[in-house]
Amino acid sequence: MKISVLIPAYNASRTLRQAIDSALAQSYSPFEIVVIDDGSTDGTYSIMQSYGAALKAFRQNNAGVAATRNTLCSLASGELIAFLDSDDIWHPGYLESQNRVAESHPEAVALFTGHMDFRDGTAFLWEKVPTPSEFMPITYSAIDFIRRYNSFPGPFANLSHLCMPVGVLPRLGPKPFQMRIGEDFYFMNRLALYSPGPVTYLPVALCAYRLRGDSISSDRLRWSKGEVEAMELLADEYALLADPDLQKLFLQAFDMKRRLHARLLMGANRVVEARGQLRRCLRKSPTVKSAGKSLALMALSYFPRPLQPSRRGVR
């Protein structure tokens with residue numbers, strides 16, 4: 001199966017070479033590696049050029065990661081798309097494992113592997129990992145996937161350990177990615193709506209995810225705001241197109257994400273904004289239990305500051 005590796009890059013001169021090298025070192029060689037420099041102001045594009053014909057290198061004015069991913073998807077000519085962020089690393093057996101799963105599960109719309117984290121600035125070397133062929137992928141229905149993703153996203157937390165058939169993309173329209181923050185969260189929730197096929201998960205850590213203190217995902221409050229805004233964009237589409245069970249799951253997840261955002265706002269001493277979020281929860285709570293949780297948090301917002309959620313973990 002021909003695999004297109006898609007890498008968006010912005011001011012990634014410190015990490016990009018390691019990401020590209022991990023794609024070139026695969027036991028199953030990619031059909032193409034497409035990299036777009038999204039208007040970097042450092043040496044990112046020079047690094048891309050140094051690989052010559054090994055890459056398809058492009059440069060554009062800064063448009064944000066969502067727009068860059070959309071352009072990458074439009075340029076892909078393989079049968080399977082493999083996303084890789086410019087600061088993450090693949091195990092040499094990553095593409096071979098994903099190709100094996102894709103061939104044995106042709107009905108799957110998304111294929112994930114396990115991943116591990118490492119801190120930026122520390123040396124990373126792959127330790128011996130179990131042979132992926134010894135593991136069978138776990139298969140989730142669209143409803144099970146959206147339930148797990150919105151309640152416990154860990155196994156599906158990053159696009160760098162996601163592959164998908166290129167034929168899935170037309171179902172999502174010309175711009176499957178939106179937003180500057182939370183574009184992957186928007187994408188995953190939309191995938192379940194427009195391409196409700198099974199999702200596979202191979203429980204072997206074949207991707208290393210770099211933890212950076214300056215990344216958007218490390219800013220819990222900003223990330224939470226992005227999730228709420230993504231769900232606001234998706235609400236009308238779910239109301240019109242989702243079957244009752246999927247719509248119910250979406251509304252429950254939306255309520256939970258908005259309540260979490262309110263809690264983080266309270267921790268940042270932005271109580272008025274938190275109450276605004278909770279009022280929206282109460283207007284559209286999908287269950288009595290959800291409404292009760294929102295009312296309890298609203299009441300807590302009127303307590304003395306020391307009794308409200310702390311700032312710990314909120315930036």
# chains A, B, ... in the order shown; residues from 1 in each chain; ligands from 1

call {"tool": "select_by_dssp", "arguments": {"residues": "region 84-306 of chain A", "states": "strand (DSSP E or B)", "output": "NGL selection string"}}
result
:A and (89-90 or 110-119 or 138-140 or 162-165 or 199-211)

call {"tool": "residues_around", "arguments": {"residues": "region 86-93 of chain A", "least_positions_apart": "3", "cutoff": "7 Å", "atoms": "only C-alpha atoms", "output": "ChimeraX atom specification"}}
result
/A:7-9,12,15-16,18-19,22-23,25-27,96-97,160,206-210

call {"tool": "residues_around", "arguments": {"residues": "Tyr186 (chain A)", "least_positions_apart": "2", "cutoff": "10 Å", "atoms": "only C-alpha atoms", "output": "list of chain:residue names"}}
result
A:Pro176, A:Phe177, A:Gln178, A:Met179, A:Ile181, A:Gly182, A:Glu183, A:Asp184, A:Met188, A:Asn189, A:Arg190, A:Leu191, A:Gly226, A:Glu227, A:Val228, A:Glu229, A:Ala230, A:Met231, A:Glu232, A:Leu233, A:Leu234

call {"tool": "residues_around", "arguments": {"residues": "Gly292 (chain A)", "least_positions_apart": "3", "cutoff": "12 Å", "atoms": "only C-alpha atoms", "output": "JSON, numbers by chain"}}
result
{"A": [255, 259, 278, 281, 282, 285, 286, 287, 288, 289, 295, 296, 297, 298, 299]}

call {"tool": "select_by_dssp", "arguments": {"residues": "region 25-217 of chain A", "states": "helix (DSSP H, G or I)", "output": "VMD selection string"}}
result
chain A and resid 44 to 49 52 to 54 65 to 75 94 to 104 132 to 134 142 to 151 154 to 156 159 to 161 166 to 172 183 to 194 216 to 217

call {"tool": "residues_around", "arguments": {"residues": "Leu307 (chain A)", "least_positions_apart": "5", "cutoff": "12 Å", "atoms": "only C-alpha atoms", "output": "list in words"}}
result
Met266, Gly267, Asn269, Leu297, Ala299, Leu300, Ser301 and Tyr302 of chain A

call {"tool": "closest_residue", "arguments": {"among": "A:Ala291, A:Val34, A:Ala76, A:Ala253", "to": "Pro153 (chain A)", "atoms": "only C-alpha atoms"}}
result
A:Ala253

call {"tool": "closest_residue", "arguments": {"among": "A:Ala53, A:Val199, A:Val109, A:Leu6", "to": "Val65 (chain A)", "atoms": "only C-alpha atoms"}}
result
A:Leu6

call {"tool": "closest_residue", "arguments": {"among": "A:Asp37, A:Leu111, A:Ile20, A:Ala63", "to": "Leu84 (chain A)", "atoms": "only C-alpha atoms"}}
result
A:Ile20

call {"tool": "residues_around", "arguments": {"residues": "Leu162 (chain A)", "least_positions_apart": "5", "cutoff": "9 Å", "atoms": "only C-alpha atoms", "output": "list in words"}}
result
Ile81, Ala82, Phe83, Leu84, Gln98, Ala110, Leu111, Phe112, Thr113 and Phe156 of chain A

call {"tool": "closest_residue", "arguments": {"among": "A:Ala54, A:Leu159, A:Ala108, A:Val166", "to": "Met1 (chain A)", "atoms": "only C-alpha atoms"}}
result
A:Val166
